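File shown: work14.cif. Contents: mmCIF, N, CA and C atoms.
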```cif
data_coords
loop_
_atom_site.label_atom_id
_atom_site.label_comp_id
_atom_site.auth_asym_id
_atom_site.auth_seq_id
_atom_site.Cartn_x
_atom_site.Cartn_y
_atom_site.Cartn_z
N MET A 1 108.40 84.14 94.99
CA MET A 1 107.00 83.80 95.12
C MET A 1 106.18 85.09 95.23
N ALA A 2 105.16 85.22 94.44
CA ALA A 2 104.30 86.41 94.44
C ALA A 2 103.38 86.39 95.65
N THR A 3 103.03 87.57 96.11
CA THR A 3 102.05 87.70 97.19
C THR A 3 100.96 88.65 96.73
N THR A 4 99.80 88.51 97.31
CA THR A 4 98.68 89.39 97.03
C THR A 4 98.14 89.91 98.34
N ARG A 5 97.90 91.19 98.41
CA ARG A 5 97.30 91.81 99.59
C ARG A 5 95.96 92.40 99.19
N THR A 6 95.03 92.40 100.15
CA THR A 6 93.66 92.79 99.83
C THR A 6 93.15 93.85 100.81
N ALA A 7 92.47 94.84 100.27
CA ALA A 7 91.71 95.81 101.04
C ALA A 7 90.34 95.93 100.40
N THR A 8 89.35 96.25 101.20
CA THR A 8 87.98 96.35 100.72
C THR A 8 87.39 97.67 101.18
N THR A 9 86.62 98.31 100.30
CA THR A 9 85.93 99.54 100.67
C THR A 9 84.43 99.36 100.49
N HIS A 10 83.68 99.79 101.50
CA HIS A 10 82.22 99.85 101.43
C HIS A 10 81.86 101.34 101.42
N TRP A 11 81.12 101.78 100.41
CA TRP A 11 80.75 103.19 100.25
C TRP A 11 79.25 103.33 100.21
N GLU A 12 78.72 104.37 100.86
CA GLU A 12 77.28 104.65 100.85
C GLU A 12 77.07 106.11 100.47
N GLY A 13 76.20 106.36 99.49
CA GLY A 13 75.82 107.71 99.14
C GLY A 13 76.62 108.29 98.00
N THR A 14 76.43 109.59 97.81
CA THR A 14 77.09 110.31 96.73
C THR A 14 78.55 110.59 97.10
N LEU A 15 79.31 111.06 96.13
CA LEU A 15 80.70 111.39 96.40
C LEU A 15 80.83 112.45 97.48
N LEU A 16 80.11 113.55 97.35
CA LEU A 16 80.29 114.67 98.26
C LEU A 16 79.65 114.48 99.63
N GLN A 17 78.51 113.82 99.70
CA GLN A 17 77.83 113.63 100.98
C GLN A 17 77.99 112.22 101.55
N GLY A 18 78.52 111.32 100.75
CA GLY A 18 78.61 109.94 101.18
C GLY A 18 79.75 109.70 102.15
N LYS A 19 79.85 108.44 102.56
CA LYS A 19 80.92 108.03 103.47
C LYS A 19 81.16 106.54 103.26
N GLY A 20 82.29 106.11 103.74
CA GLY A 20 82.61 104.70 103.59
C GLY A 20 83.60 104.24 104.63
N LYS A 21 83.98 102.99 104.48
CA LYS A 21 84.98 102.37 105.34
C LYS A 21 85.90 101.53 104.47
N VAL A 22 87.19 101.65 104.71
CA VAL A 22 88.17 100.82 104.02
C VAL A 22 88.74 99.85 105.06
N SER A 23 88.75 98.58 104.70
CA SER A 23 89.26 97.54 105.59
C SER A 23 90.54 96.97 105.03
N LEU A 24 91.55 96.87 105.88
CA LEU A 24 92.80 96.22 105.49
C LEU A 24 92.61 94.73 105.77
N ASP A 25 92.17 94.02 104.75
CA ASP A 25 91.73 92.64 104.90
C ASP A 25 92.86 91.65 105.12
N SER A 26 93.96 91.80 104.43
CA SER A 26 95.05 90.82 104.53
C SER A 26 95.65 90.81 105.93
N SER A 27 95.95 91.98 106.45
CA SER A 27 96.58 92.06 107.78
C SER A 27 95.56 92.07 108.90
N LYS A 28 94.35 92.48 108.59
CA LYS A 28 93.29 92.61 109.59
C LYS A 28 93.66 93.60 110.69
N VAL A 29 94.48 94.60 110.37
CA VAL A 29 94.88 95.57 111.39
C VAL A 29 93.88 96.69 111.60
N GLY A 30 92.89 96.80 110.73
CA GLY A 30 91.91 97.83 110.99
C GLY A 30 90.98 98.14 109.86
N THR A 31 89.92 98.84 110.23
CA THR A 31 88.94 99.39 109.31
C THR A 31 88.90 100.88 109.58
N TYR A 32 88.96 101.69 108.51
CA TYR A 32 89.09 103.12 108.66
C TYR A 32 88.01 103.85 107.88
N ASP A 33 87.46 104.91 108.50
CA ASP A 33 86.46 105.73 107.84
C ASP A 33 87.10 106.54 106.73
N ILE A 34 86.34 106.74 105.64
CA ILE A 34 86.77 107.58 104.52
C ILE A 34 85.59 108.44 104.09
N ASN A 35 85.89 109.64 103.58
CA ASN A 35 84.85 110.49 103.00
C ASN A 35 85.50 111.58 102.17
N TRP A 36 84.68 112.31 101.42
CA TRP A 36 85.20 113.36 100.55
C TRP A 36 85.87 114.50 101.33
N PRO A 37 85.27 115.02 102.39
CA PRO A 37 85.94 116.11 103.10
C PRO A 37 87.34 115.74 103.59
N ALA A 38 87.57 114.49 103.97
CA ALA A 38 88.91 114.08 104.40
C ALA A 38 89.90 114.14 103.23
N ARG A 39 89.40 114.06 102.05
CA ARG A 39 90.21 114.11 100.85
C ARG A 39 90.47 115.52 100.38
N ALA A 40 89.45 116.35 100.40
CA ALA A 40 89.52 117.66 99.78
C ALA A 40 89.59 118.82 100.77
N GLU A 41 89.37 118.53 102.05
CA GLU A 41 89.38 119.60 103.05
C GLU A 41 90.28 119.17 104.20
N GLN A 42 89.72 119.02 105.40
CA GLN A 42 90.49 118.61 106.57
C GLN A 42 90.17 117.15 106.92
N PRO A 43 91.15 116.38 107.41
CA PRO A 43 90.91 114.97 107.71
C PRO A 43 89.91 114.74 108.85
N ASN A 44 89.98 115.53 109.91
CA ASN A 44 89.06 115.38 111.03
C ASN A 44 88.89 113.93 111.48
N GLY A 45 90.00 113.22 111.60
CA GLY A 45 89.95 111.85 112.11
C GLY A 45 89.53 110.81 111.10
N VAL A 46 89.45 111.18 109.83
CA VAL A 46 89.03 110.27 108.76
C VAL A 46 90.17 110.21 107.75
N THR A 47 90.44 109.03 107.21
CA THR A 47 91.54 108.89 106.26
C THR A 47 91.06 109.13 104.83
N SER A 48 92.00 109.03 103.90
CA SER A 48 91.70 109.25 102.48
C SER A 48 92.58 108.32 101.65
N PRO A 49 92.22 108.12 100.38
CA PRO A 49 93.09 107.32 99.52
C PRO A 49 94.50 107.89 99.46
N GLU A 50 94.62 109.22 99.47
CA GLU A 50 95.94 109.82 99.38
C GLU A 50 96.78 109.55 100.63
N GLU A 51 96.16 109.55 101.80
CA GLU A 51 96.90 109.23 103.01
C GLU A 51 97.36 107.77 102.98
N LEU A 52 96.51 106.89 102.47
CA LEU A 52 96.89 105.49 102.36
C LEU A 52 98.02 105.31 101.34
N ILE A 53 97.99 106.07 100.26
CA ILE A 53 99.09 106.03 99.29
C ILE A 53 100.37 106.55 99.93
N ALA A 54 100.26 107.63 100.71
CA ALA A 54 101.44 108.16 101.40
C ALA A 54 102.04 107.12 102.34
N ALA A 55 101.19 106.41 103.05
CA ALA A 55 101.68 105.36 103.96
C ALA A 55 102.40 104.27 103.17
N ALA A 56 101.79 103.84 102.07
CA ALA A 56 102.40 102.79 101.26
C ALA A 56 103.73 103.26 100.67
N HIS A 57 103.78 104.49 100.19
CA HIS A 57 104.99 104.98 99.54
C HIS A 57 106.13 105.15 100.55
N SER A 58 105.83 105.74 101.71
CA SER A 58 106.89 105.93 102.71
C SER A 58 107.42 104.60 103.22
N ALA A 59 106.55 103.62 103.40
CA ALA A 59 106.99 102.30 103.86
C ALA A 59 107.83 101.59 102.80
N CYS A 60 107.35 101.60 101.57
CA CYS A 60 108.06 100.93 100.49
C CYS A 60 109.41 101.58 100.24
N TYR A 61 109.43 102.91 100.23
CA TYR A 61 110.68 103.62 100.00
C TYR A 61 111.70 103.27 101.07
N SER A 62 111.30 103.29 102.33
CA SER A 62 112.22 102.97 103.43
C SER A 62 112.79 101.56 103.28
N MET A 63 111.94 100.63 102.93
CA MET A 63 112.39 99.24 102.75
C MET A 63 113.36 99.13 101.58
N ALA A 64 113.04 99.76 100.46
CA ALA A 64 113.92 99.70 99.28
C ALA A 64 115.26 100.38 99.56
N PHE A 65 115.23 101.50 100.26
CA PHE A 65 116.45 102.23 100.59
C PHE A 65 117.34 101.37 101.49
N SER A 66 116.76 100.79 102.52
CA SER A 66 117.50 99.93 103.43
C SER A 66 118.11 98.74 102.69
N HIS A 67 117.32 98.14 101.82
CA HIS A 67 117.78 96.97 101.06
C HIS A 67 118.93 97.35 100.13
N GLY A 68 118.80 98.47 99.45
CA GLY A 68 119.85 98.91 98.55
C GLY A 68 121.15 99.21 99.27
N LEU A 69 121.06 99.84 100.43
CA LEU A 69 122.26 100.14 101.21
C LEU A 69 122.90 98.88 101.75
N ALA A 70 122.10 97.94 102.20
CA ALA A 70 122.63 96.66 102.68
C ALA A 70 123.35 95.92 101.56
N GLY A 71 122.81 96.00 100.35
CA GLY A 71 123.44 95.38 99.19
C GLY A 71 124.79 95.98 98.85
N GLN A 72 125.01 97.22 99.30
CA GLN A 72 126.30 97.88 99.10
C GLN A 72 127.23 97.68 100.29
N GLY A 73 126.76 96.89 101.28
CA GLY A 73 127.60 96.57 102.42
C GLY A 73 127.46 97.50 103.62
N TYR A 74 126.46 98.37 103.61
CA TYR A 74 126.27 99.30 104.72
C TYR A 74 125.23 98.76 105.70
N THR A 75 125.40 99.13 106.97
CA THR A 75 124.43 98.78 108.00
C THR A 75 123.64 100.03 108.35
N VAL A 76 122.36 99.99 108.11
CA VAL A 76 121.49 101.12 108.37
C VAL A 76 121.10 101.11 109.85
N GLU A 77 121.33 102.23 110.52
CA GLU A 77 120.85 102.34 111.90
C GLU A 77 119.37 102.64 111.92
N ASP A 78 118.95 103.64 111.16
CA ASP A 78 117.52 103.92 111.04
C ASP A 78 117.25 104.83 109.85
N ILE A 79 116.02 104.72 109.38
CA ILE A 79 115.53 105.52 108.26
C ILE A 79 114.15 106.03 108.65
N ASP A 80 113.93 107.32 108.50
CA ASP A 80 112.61 107.91 108.71
C ASP A 80 112.19 108.59 107.41
N THR A 81 111.08 108.13 106.85
CA THR A 81 110.61 108.66 105.58
C THR A 81 109.20 109.21 105.73
N GLN A 82 109.00 110.41 105.24
CA GLN A 82 107.67 111.01 105.17
C GLN A 82 107.29 111.15 103.71
N ALA A 83 106.05 110.81 103.38
CA ALA A 83 105.53 111.03 102.04
C ALA A 83 104.33 111.97 102.15
N GLU A 84 104.37 113.05 101.40
CA GLU A 84 103.25 113.99 101.34
C GLU A 84 102.63 113.88 99.96
N VAL A 85 101.40 113.42 99.91
CA VAL A 85 100.69 113.24 98.65
C VAL A 85 99.72 114.41 98.48
N THR A 86 99.87 115.15 97.39
CA THR A 86 99.02 116.30 97.12
C THR A 86 97.90 115.89 96.17
N PHE A 87 96.67 116.15 96.61
CA PHE A 87 95.48 115.86 95.81
C PHE A 87 94.81 117.17 95.45
N GLN A 88 94.56 117.37 94.16
CA GLN A 88 93.87 118.56 93.68
C GLN A 88 92.54 118.10 93.08
N PRO A 89 91.40 118.46 93.72
CA PRO A 89 90.11 118.07 93.16
C PRO A 89 90.01 118.49 91.70
N GLY A 90 89.54 117.59 90.89
CA GLY A 90 89.41 117.83 89.46
C GLY A 90 90.64 117.45 88.66
N GLU A 91 91.78 117.33 89.32
CA GLU A 91 93.02 116.95 88.66
C GLU A 91 93.56 115.61 89.14
N GLY A 92 93.34 115.30 90.39
CA GLY A 92 93.87 114.06 90.97
C GLY A 92 95.12 114.30 91.79
N ILE A 93 95.95 113.28 91.87
CA ILE A 93 97.21 113.39 92.61
C ILE A 93 98.20 114.13 91.73
N THR A 94 98.65 115.29 92.21
CA THR A 94 99.51 116.14 91.40
C THR A 94 100.97 116.10 91.83
N ALA A 95 101.24 115.64 93.05
CA ALA A 95 102.63 115.62 93.52
C ALA A 95 102.78 114.68 94.72
N ILE A 96 103.98 114.18 94.85
CA ILE A 96 104.38 113.43 96.03
C ILE A 96 105.76 113.94 96.42
N ALA A 97 105.89 114.34 97.68
CA ALA A 97 107.17 114.80 98.20
C ALA A 97 107.65 113.80 99.24
N LEU A 98 108.76 113.14 98.94
CA LEU A 98 109.39 112.22 99.89
C LEU A 98 110.49 112.98 100.63
N THR A 99 110.51 112.82 101.93
CA THR A 99 111.57 113.38 102.76
C THR A 99 112.12 112.25 103.61
N VAL A 100 113.42 112.04 103.51
CA VAL A 100 114.04 110.93 104.25
C VAL A 100 115.22 111.45 105.05
N LYS A 101 115.33 110.93 106.26
CA LYS A 101 116.50 111.15 107.11
C LYS A 101 116.98 109.77 107.53
N ALA A 102 118.27 109.54 107.41
CA ALA A 102 118.79 108.21 107.73
C ALA A 102 120.16 108.32 108.40
N ARG A 103 120.41 107.36 109.27
CA ARG A 103 121.73 107.22 109.89
C ARG A 103 122.36 105.95 109.34
N VAL A 104 123.45 106.13 108.62
CA VAL A 104 124.15 105.02 107.98
C VAL A 104 125.65 105.26 108.20
N PRO A 105 126.23 104.64 109.22
CA PRO A 105 127.65 104.87 109.51
C PRO A 105 128.54 104.49 108.33
N GLY A 106 129.52 105.37 108.06
CA GLY A 106 130.53 105.08 107.05
C GLY A 106 130.13 105.41 105.63
N LEU A 107 128.94 105.93 105.42
CA LEU A 107 128.45 106.23 104.08
C LEU A 107 128.74 107.69 103.75
N SER A 108 129.34 107.93 102.58
CA SER A 108 129.59 109.31 102.16
C SER A 108 128.29 109.98 101.73
N GLU A 109 128.28 111.30 101.76
CA GLU A 109 127.10 112.06 101.32
C GLU A 109 126.77 111.75 99.86
N GLU A 110 127.78 111.67 99.02
CA GLU A 110 127.56 111.39 97.60
C GLU A 110 126.92 110.02 97.39
N ASP A 111 127.45 109.00 98.06
CA ASP A 111 126.88 107.66 97.93
C ASP A 111 125.48 107.57 98.55
N PHE A 112 125.29 108.32 99.63
CA PHE A 112 123.96 108.38 100.26
C PHE A 112 122.93 108.94 99.29
N GLN A 113 123.25 110.07 98.66
CA GLN A 113 122.31 110.70 97.73
C GLN A 113 122.03 109.80 96.53
N ALA A 114 123.04 109.12 96.05
CA ALA A 114 122.85 108.20 94.91
C ALA A 114 121.94 107.05 95.29
N ALA A 115 122.17 106.48 96.47
CA ALA A 115 121.32 105.37 96.94
C ALA A 115 119.89 105.84 97.20
N ALA A 116 119.74 107.05 97.72
CA ALA A 116 118.41 107.60 97.98
C ALA A 116 117.64 107.77 96.67
N GLN A 117 118.29 108.30 95.65
CA GLN A 117 117.64 108.47 94.35
C GLN A 117 117.30 107.13 93.71
N ASP A 118 118.19 106.15 93.86
CA ASP A 118 117.94 104.82 93.32
C ASP A 118 116.70 104.20 93.96
N ALA A 119 116.57 104.35 95.28
CA ALA A 119 115.40 103.81 95.96
C ALA A 119 114.13 104.51 95.49
N LYS A 120 114.20 105.82 95.28
CA LYS A 120 113.04 106.57 94.79
C LYS A 120 112.60 106.05 93.42
N ALA A 121 113.56 105.80 92.56
CA ALA A 121 113.24 105.35 91.21
C ALA A 121 112.76 103.90 91.15
N ASN A 122 113.21 103.09 92.09
CA ASN A 122 113.00 101.65 91.93
C ASN A 122 112.15 100.96 92.98
N CYS A 123 111.70 101.66 94.01
CA CYS A 123 110.82 100.95 94.95
C CYS A 123 109.52 100.60 94.21
N PRO A 124 108.92 99.46 94.51
CA PRO A 124 107.72 99.05 93.78
C PRO A 124 106.57 100.06 93.79
N VAL A 125 106.40 100.77 94.90
CA VAL A 125 105.32 101.76 94.93
C VAL A 125 105.66 102.95 94.03
N SER A 126 106.92 103.38 94.02
CA SER A 126 107.33 104.43 93.07
C SER A 126 107.04 103.99 91.65
N GLN A 127 107.34 102.75 91.36
CA GLN A 127 107.08 102.23 90.02
C GLN A 127 105.59 102.28 89.70
N ALA A 128 104.76 101.93 90.68
CA ALA A 128 103.31 101.94 90.46
C ALA A 128 102.76 103.35 90.30
N LEU A 129 103.47 104.33 90.86
CA LEU A 129 102.99 105.71 90.83
C LEU A 129 103.64 106.55 89.73
N LYS A 130 104.18 105.93 88.72
CA LYS A 130 104.86 106.66 87.65
C LYS A 130 103.97 107.69 86.95
N GLY A 131 102.67 107.55 87.06
CA GLY A 131 101.76 108.51 86.45
C GLY A 131 101.76 109.86 87.16
N VAL A 132 102.30 109.92 88.37
CA VAL A 132 102.40 111.19 89.08
C VAL A 132 103.62 111.91 88.53
N ARG A 133 103.42 113.03 87.89
CA ARG A 133 104.50 113.73 87.20
C ARG A 133 105.55 114.33 88.12
N ASN A 134 105.15 114.71 89.32
CA ASN A 134 106.06 115.44 90.19
C ASN A 134 106.29 114.67 91.50
N ILE A 135 107.28 113.79 91.49
CA ILE A 135 107.69 113.10 92.71
C ILE A 135 109.08 113.62 93.05
N THR A 136 109.18 114.26 94.21
CA THR A 136 110.45 114.85 94.63
C THR A 136 111.00 114.09 95.83
N LEU A 137 112.30 114.27 96.05
CA LEU A 137 112.98 113.63 97.18
C LEU A 137 113.94 114.60 97.82
N THR A 138 113.84 114.72 99.11
CA THR A 138 114.82 115.44 99.92
C THR A 138 115.41 114.42 100.88
N ALA A 139 116.72 114.19 100.78
CA ALA A 139 117.36 113.15 101.59
C ALA A 139 118.47 113.76 102.44
N GLU A 140 118.45 113.42 103.73
CA GLU A 140 119.43 113.95 104.67
C GLU A 140 120.11 112.80 105.41
N LEU A 141 121.42 112.77 105.33
CA LEU A 141 122.23 111.81 106.08
C LEU A 141 122.53 112.45 107.43
N VAL A 142 122.06 111.81 108.49
CA VAL A 142 122.25 112.38 109.84
C VAL A 142 123.24 111.56 110.65
#
```
Take the structure I supplied and represent it as structure tokens, if you would.
Amino acid sequence: MATTRTATTHWEGTLLQGKGKVSLDSSKVGTYDINWPARAEQPNGVTSPEELIAAAHSACYSMAFSHGLAGQGYTVEDIDTQAEVTFQPGEGITAIALTVKARVPGLSEEDFQAAAQDAKANCPVSQALKGVRNITLTAELV
């Protein structure tokens, strides 16, 4: 069964001087300020589309990795994934660096790395972000 999730943004003003708010409508967990400086300079307590993409990618990757390992018969103790999304004004999103550390008893390093790469290639957010030419993964079995 398909699901749909919704977010809404209200923006006022120009790109450089304007500001807005993005609301996570489906979950109703919050409304967050957004502006250009948070995107191109320092966040200063304000989020950006790239930070929201990083959140989506790290969450989706962790879920896909866990699911793939469970499908191979492994029990995941924990997975910690960080996604760093690089935004270059005038070019857009130029890179995403995924870093994952996971505890999976009984899993060899070789099988761990293969499963990590499979999750990177096949999580739905990775699929949606195929236009980003440089998506890297560093995976550590702890």
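Compared by their closest atoms to Pro37 of chain A, and using only N, CA and C atoms, the residues A:Gln127, A:Gln117, A:Gln82, A:Gln17 rank with A:Gln17 nearest.
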Notebook entry, point to check: Which of these, A:Arg39, A:Glu84, A:Val29, A:Val125, has the shortest distance to Leu15 of chain A once you count only C-alpha atoms?
Noted result: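 Selected residue with least distance to Leu15 of chain A: A:Arg39.
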* Can you find the residues with an atom no farther than 7 Å from (115.7, 117.1, 99.5), counting only N, CA and C atoms, and report them as JSON, numbers by chain? -> {"A": [98, 99, 100, 136, 137, 138, 139, 140]}
Open item on the list: Among segment 10-118 of chain A, which residues does DSSP mark as strand (DSSP E) when it is run on the backbone? Keep the chain and numbering as in the structure and answer as a PyMOL selection string.
Closed with: chain A and resi 10-12+19-24+30-35+78-88+92-103
For the residues in the current selection, export N, CA and C atoms as a compact mmCIF listing (two decimals), in the frame of the given file.
```txt
# COMPACT_ATOMS: atom_id res chain seq x y z
N HIS A 10 83.68 99.79 101.50
CA HIS A 10 82.22 99.85 101.43
C HIS A 10 81.86 101.34 101.42
N TRP A 11 81.12 101.78 100.41
CA TRP A 11 80.75 103.19 100.25
C TRP A 11 79.25 103.33 100.21
N GLU A 12 78.72 104.37 100.86
CA GLU A 12 77.28 104.65 100.85
C GLU A 12 77.07 106.11 100.47
N LYS A 19 79.85 108.44 102.56
CA LYS A 19 80.92 108.03 103.47
C LYS A 19 81.16 106.54 103.26
N GLY A 20 82.29 106.11 103.74
CA GLY A 20 82.61 104.70 103.59
C GLY A 20 83.60 104.24 104.63
N LYS A 21 83.98 102.99 104.48
CA LYS A 21 84.98 102.37 105.34
C LYS A 21 85.90 101.53 104.47
N VAL A 22 87.19 101.65 104.71
CA VAL A 22 88.17 100.82 104.02
C VAL A 22 88.74 99.85 105.06
N SER A 23 88.75 98.58 104.70
CA SER A 23 89.26 97.54 105.59
C SER A 23 90.54 96.97 105.03
N LEU A 24 91.55 96.87 105.88
CA LEU A 24 92.80 96.22 105.49
C LEU A 24 92.61 94.73 105.77
N GLY A 30 92.89 96.80 110.73
CA GLY A 30 91.91 97.83 110.99
C GLY A 30 90.98 98.14 109.86
N THR A 31 89.92 98.84 110.23
CA THR A 31 88.94 99.39 109.31
C THR A 31 88.90 100.88 109.58
N TYR A 32 88.96 101.69 108.51
CA TYR A 32 89.09 103.12 108.66
C TYR A 32 88.01 103.85 107.88
N ASP A 33 87.46 104.91 108.50
CA ASP A 33 86.46 105.73 107.84
C ASP A 33 87.10 106.54 106.73
N ILE A 34 86.34 106.74 105.64
CA ILE A 34 86.77 107.58 104.52
C ILE A 34 85.59 108.44 104.09
N ASN A 35 85.89 109.64 103.58
CA ASN A 35 84.85 110.49 103.00
C ASN A 35 85.50 111.58 102.17
N ASP A 78 118.95 103.64 111.16
CA ASP A 78 117.52 103.92 111.04
C ASP A 78 117.25 104.83 109.85
N ILE A 79 116.02 104.72 109.38
CA ILE A 79 115.53 105.52 108.26
C ILE A 79 114.15 106.03 108.65
N ASP A 80 113.93 107.32 108.50
CA ASP A 80 112.61 107.91 108.71
C ASP A 80 112.19 108.59 107.41
N THR A 81 111.08 108.13 106.85
CA THR A 81 110.61 108.66 105.58
C THR A 81 109.20 109.21 105.73
N GLN A 82 109.00 110.41 105.24
CA GLN A 82 107.67 111.01 105.17
C GLN A 82 107.29 111.15 103.71
N ALA A 83 106.05 110.81 103.38
CA ALA A 83 105.53 111.03 102.04
C ALA A 83 104.33 111.97 102.15
N GLU A 84 104.37 113.05 101.40
CA GLU A 84 103.25 113.99 101.34
C GLU A 84 102.63 113.88 99.96
N VAL A 85 101.40 113.42 99.91
CA VAL A 85 100.69 113.24 98.65
C VAL A 85 99.72 114.41 98.48
N THR A 86 99.87 115.15 97.39
CA THR A 86 99.02 116.30 97.12
C THR A 86 97.90 115.89 96.17
N PHE A 87 96.67 116.15 96.61
CA PHE A 87 95.48 115.86 95.81
C PHE A 87 94.81 117.17 95.45
N GLN A 88 94.56 117.37 94.16
CA GLN A 88 93.87 118.56 93.68
C GLN A 88 92.54 118.10 93.08
N GLY A 92 93.34 115.30 90.39
CA GLY A 92 93.87 114.06 90.97
C GLY A 92 95.12 114.30 91.79
N ILE A 93 95.95 113.28 91.87
CA ILE A 93 97.21 113.39 92.61
C ILE A 93 98.20 114.13 91.73
N THR A 94 98.65 115.29 92.21
CA THR A 94 99.51 116.14 91.40
C THR A 94 100.97 116.10 91.83
N ALA A 95 101.24 115.64 93.05
CA ALA A 95 102.63 115.62 93.52
C ALA A 95 102.78 114.68 94.72
N ILE A 96 103.98 114.18 94.85
CA ILE A 96 104.38 113.43 96.03
C ILE A 96 105.76 113.94 96.42
N ALA A 97 105.89 114.34 97.68
CA ALA A 97 107.17 114.80 98.20
C ALA A 97 107.65 113.80 99.24
N LEU A 98 108.76 113.14 98.94
CA LEU A 98 109.39 112.22 99.89
C LEU A 98 110.49 112.98 100.63
N THR A 99 110.51 112.82 101.93
CA THR A 99 111.57 113.38 102.76
C THR A 99 112.12 112.25 103.61
N VAL A 100 113.42 112.04 103.51
CA VAL A 100 114.04 110.93 104.25
C VAL A 100 115.22 111.45 105.05
N LYS A 101 115.33 110.93 106.26
CA LYS A 101 116.50 111.15 107.11
C LYS A 101 116.98 109.77 107.53
N ALA A 102 118.27 109.54 107.41
CA ALA A 102 118.79 108.21 107.73
C ALA A 102 120.16 108.32 108.40
N ARG A 103 120.41 107.36 109.27
CA ARG A 103 121.73 107.22 109.89
C ARG A 103 122.36 105.95 109.34
```
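With only N, CA and C atoms as the atoms that count, the minimum distance from Phe87 of chain A to the choices A:Ala116, A:Ala7, A:Ala55, A:Ala40 is reached by A:Ala40.
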**Report entry** Proximity to Ser108 of chain A - best of A:Ile135, A:Leu24, A:Leu16, A:Leu141, all atoms listed in the file
**Finding:**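 Among A:Ile135, A:Leu24, A:Leu16, A:Leu141, it is A:Leu141 that comes nearest to Ser108 of chain A.
Considering the residues A:Val22, A:Val76, A:Ile53, A:Leu69 and counting only C-alpha atoms, Val104 of chain A has its shortest atom-to-atom contact with A:Val76.
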Counting only C-alpha atoms, which residues come within 9 Å of (89.6, 115.8, 101.5), with the point read in the file's coordinates, and could you list them as a compact mmCIF listing (two decimals) with N, CA and C atoms, in the frame of the given file?
```txt
# COMPACT_ATOMS: atom_id res chain seq x y z
N ASN A 35 85.89 109.64 103.58
CA ASN A 35 84.85 110.49 103.00
C ASN A 35 85.50 111.58 102.17
N TRP A 36 84.68 112.31 101.42
CA TRP A 36 85.20 113.36 100.55
C TRP A 36 85.87 114.50 101.33
N PRO A 37 85.27 115.02 102.39
CA PRO A 37 85.94 116.11 103.10
C PRO A 37 87.34 115.74 103.59
N ALA A 38 87.57 114.49 103.97
CA ALA A 38 88.91 114.08 104.40
C ALA A 38 89.90 114.14 103.23
N ARG A 39 89.40 114.06 102.05
CA ARG A 39 90.21 114.11 100.85
C ARG A 39 90.47 115.52 100.38
N ALA A 40 89.45 116.35 100.40
CA ALA A 40 89.52 117.66 99.78
C ALA A 40 89.59 118.82 100.77
N GLU A 41 89.37 118.53 102.05
CA GLU A 41 89.38 119.60 103.05
C GLU A 41 90.28 119.17 104.20
N GLN A 42 89.72 119.02 105.40
CA GLN A 42 90.49 118.61 106.57
C GLN A 42 90.17 117.15 106.92
N PRO A 43 91.15 116.38 107.41
CA PRO A 43 90.91 114.97 107.71
C PRO A 43 89.91 114.74 108.85
N THR A 47 90.44 109.03 107.21
CA THR A 47 91.54 108.89 106.26
C THR A 47 91.06 109.13 104.83
N SER A 48 92.00 109.03 103.90
CA SER A 48 91.70 109.25 102.48
C SER A 48 92.58 108.32 101.65
N GLU A 50 94.62 109.22 99.47
CA GLU A 50 95.94 109.82 99.38
C GLU A 50 96.78 109.55 100.63
N PHE A 87 96.67 116.15 96.61
CA PHE A 87 95.48 115.86 95.81
C PHE A 87 94.81 117.17 95.45
N PRO A 89 91.40 118.46 93.72
CA PRO A 89 90.11 118.07 93.16
C PRO A 89 90.01 118.49 91.70
```
Quiz prompt | Nearest-residue call for Thr8 of chain A, choices A:Gly30, A:Gly45, A:Ser23, A:Lys130, using only N, CA and C atoms | solution =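 Nearest candidate to Thr8 of chain A out of A:Gly30, A:Gly45, A:Ser23, A:Lys130: A:Ser23.
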Practice item. Run DSSP on the backbone of this structure and report the residues of chain A it assigns to helix (DSSP H, G or I), as an MDAnalysis selection string. Key: chainID A and resid 36:40 49:71 109:122 124:128
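Pairwise distance (atom N of Val142 of chain A, atom N of Gly71 of chain A) equals 17.8 Å.
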- Message: For the PyMOL selection byres ((chain A and resi 94) around 8), applied here, can you spell out every residue it catches as a ChimeraX atom specification?
- Response: /A:85-88,91-93,95-97,131-135
Q) Evaluating the PyMOL selection byres ((chain A and resi 77) around 6.5) on the displayed file yields which residues, as number ranges by chain? A) A: 75-76, 78-79, 103-105
In Å, with one decimal, what is the gap from atom N of Gly20 of chain A to atom C of Ala83 of chain A?
->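 Atom C of Ala83 of chain A lies at a distance of 22.9 Å from atom N of Gly20 of chain A.
Here atom CA of Tyr74 of chain A and atom C of Ser126 of chain A stand 23.7 Å from one another.
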*Could you state which residues are captured by the PyMOL selection byres (((chain A and resi 6 and name CA) around 6) and name CA) in this file, as a list in words?*
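In the shown coordinates, the PyMOL selection byres (((chain A and resi 6 and name CA) around 6) and name CA) covers Arg5, Ala7, Asp25 and Ser26 of chain A.
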